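As structure tokens, the structure follows; a few thoughts come after it.
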Amino acid sequence: QKIVYLQDYKPSDYLIPKTEMWVDFSPERTQITTDLHIERRAGVEAGTPLELDGEQVELVSIAIGDDVLGAGQYELSENGLKLLDPPQSFVLSTVVEVAPEKNKSLEGLYRSSGNWCTQCEAEGFRRITYFIDRPDVMSVFTVKMVADKDLAPVLLSNGNPMDKGEMSNNRHFALWHDPHPKPCYLFAMVAGKLDKISEKFTTKSGKNVDLNIYAEPGKAELCRYAMDALVRSMKWDEERFGCEYDLDVFNIVAVSDFNAGAMENKGLNIFNDKYVLADPATATDQDYALIERIIAHEYFHNYTGNRVTCRDWFQLCLKEGLTVFRDQEFSSDERFRDVERIDDVKGLRQSQFVEDSGPLAHPPRPSQYEQIDNFYTSTVYEKGAEVVRMLMTLLGKQTFHEGVDLYLDRHDGEAATIEQFIKCFEDVSGRDLSQFQKWYTQAGRPRVSYSTSYAAEQKLFTLVLKQEVPPTPGDDEKSPLVLPIRFGLVSNNGEDLTWEHAEGAEVQDDLIVTNEDEVTVTFHGVSSAPVVSLFRGFSAPVTLDTKASLEEDLHRARLDSDPFNRWESLQSAIMNIVAPAMDVDGPELDIELLEPVAVALSQTLDSQNLSPAFKALCLKLPTYQDYTQRLGQNIDPDRIKTVRQKVSEVVADKLRGQLVTLYSTLHLPDDYQPNAEQSGMRDLRNQALSLLATLKEGQLFELVERHYREARNMTDRQAALAIMCANAPDRAVELLDDFKRNYTEAMTVYDKWLGLNASIDDAQTIDRIKRLMDDDRFSLETPNRVYALFGAFTQGNPTQFARADGAGFELIADVILQIDQFNPQVAGRFAVAFRIWKNYESKRREAARAALERIKQSEKISPNLSEMVNKTLG
Ligand code: HT7
Ligand code: ZN
């Protein structure tokens, strides 16, 4: 396969400042006439050929001005069209035909529930018409859409509506013009039958904007929460980042077939409908929070991504990392900051840390790729966001915002690079960020260890910090990174101790900054021996060697003023006690050691100062993935499951009274609201029940069943089902039948049902999944069905997915191969399920390798899948 290298970047020889399209939709074929106003870039030699990208489009005619081109003037291939000797400045007119009806890849123009819609990022526009499909070629688009009035009463594209009208033969048209030059990956069209809800928004400078959210007929009322989130996002972006909306309309369309979450097309965001549609009967608190976040994320791209875009796809994290950072900040401002931070870090560890520790490790800004679709990873998104967060920590909030302002101003209307982004922060702060920039270019994460000592007489506290970056595939030489370490010196009673002065590293207020392999920091004038609390708020994405003493962990878990480290220390205490027993050659679990942890947890639950949402997080004991990361090698999922079950039982037994009281006395208002306060309370109540149910007592299962039957919202109903699936598979199967009969009319709920079925940890699950694949409403062609069923299986059911007999791996290999025939993007993404195959114990390792080899050896696999499988095999 062809490898694309960052170092080979060179600007395009030709530019397309203006694009005019005429799109005629009809049920069999869609015809697209495009006028490209093309100019040779200054300094490029005459006679340089022009290469336009184009895939799966059928060329009907081609002309320059009025001159129809004949064979010999251009060359046509599978990947595009080459003009051999184009003039310096000209209008190239093409007419092409495409077949959206047959397009199951969900890239380019396709149909979803009968409606036409597009997905162009990263390289989908070339499946609509011939173009220079790269993000640094930006054009002003005008689009005239024509369709049958009954088939497609709604016609939408980017920018502002300019005109619309009737035509002969029951057809009509709409004309759209987007004044902002944009790369073609931000192009979009939707044509079809859709209902909508509307709202008005007045920007801070008094401009009126029409907001519309469109959904399939009958579903518009389910878009109210998304609209509310949109209005809040628009306000927040004005207040926090000074970004004001820049068109007359902002449209969102929710479609039911979509490969990813959503897409930030200029003025016309297209969403997977599961991230738009919600009401209390069908969506959980978590669904609402995700909708809020994704609506905000796509809206925020209007500046970070659209107004300033990326020079090339290597710079993807320039828009994605920064925009994830912005959506995280939005959620933190709208909800509970501490809880959001913990949730974000849990997510980062669960996906990015795993990616970083395995064969697919890469830097946030990679330097080579085969298929860009495979680089929409958690390293680009979530680690990218952490790097931006570190910039804020390092420079302070105010200077950071000056840097973002400068970036958005300096590069407005441009396609930028990471270097240009960083330069803005150097310019506003006067700080040299060249070493910091390595966070973008180096894969892997530092392991930080520390030791401390206290000399009472001199009141001297010494902290020795060491960082080491382990090698990643193909990259053994690692440099130390700049680490912003938020910290505190926690006294006996939990106060943060002060010091007179510190030396050995840059220390200011609660921040240590080091860029060395090893550093010794001495604090003078510390009045008593502290317990040090490092990386407060998870101030850098490192692995901190947590082999601290149990007392230290418990001290922080009880008293640290930083909620993140309070939560982290409790988790760490449990992991330190439990992890050794999970090792295949490890000792038995010593349950006596769990006593003080239970006490700390009990105190946390009793505290008057902590929110229910935070307490709920503390009740979630370390996950399966937490342990696999700690163990690293020789993973036996059954063993992890057994030990985790034992830990839950011990803790639940010790806290039994408290948990029962919590469950029965925590009352919520009758009026369901998906806000942070109510969600936190529901979460705490459901966590209490969840922990209790691990005791596997009949009476408790009765309580869970009652919880299901009396639930007045989907959050509680789904929680009850999940608890039953995890603890009592036989009873769960009965409840799931009831759930299917009574609640799964909405496809979003049907998907929950699929996921719950796949999460049951019993030997029948693989057969159950095979039966579900024959269900009338299941289709491999709809990504939401695939993510629901197989995502829940590969991520939420590790013992069955990684069965020692290899049946789980084989099932997923079969599914990936089937999907790859028509949707390589989804097939490639699913292959990440195998990324930890080398970490299993030998039997499972061999079974996973065999499944991967089978995929690799299959005839005609897509380049997407081939890249993923080859890299995973290593
Ligand atoms: N920027 C968008 C990415 C995206 C995408 C990428 C590959 C294939 C399909 C896709 N759909 C959307 C969404 C975002 O991150 O905001
Ligand atoms: Zn994004």
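Simple scheme: letters A, B, ... for chains in structure tokens order, numbers from 1 for residues in each chain, numbers from 1 for ligands in the order shown.
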
Go through the chains and note each residue within 7 Å of ligand 1, using only C-alpha atoms and all ligand atoms, then give the set as an MDAnalysis selection string. chainID A and resid 119 121:122 259:264 297:298 320 373 376 825

Go through the chains and note each residue within 12 Å of ligand 2, using only C-alpha atoms and all ligand atoms, then give the set as a ChimeraX atom specification. /A:121-122,186,260-265,269,271,293-306,309,316-327,376-378,380-382,384-385

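Using only C-alpha atoms, the shortest contact distance between Gly114 in chain A and any of A:Ser453, A:Gln508, A:Thr546, A:Ser256 is found at A:Ser256.
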
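For the residues A:Phe421, A:Phe241, A:Trp439, A:Tyr288, ranking by smallest atom-to-atom distance to Lys397 in chain A using only C-alpha atoms places A:Phe241 first.
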
Would you mind telling me which residue in A:Thr142, A:Ser648, A:Ser862, A:Asn870 lies nearest to Ser157 in chain A when using only C-alpha atoms? A:Thr142
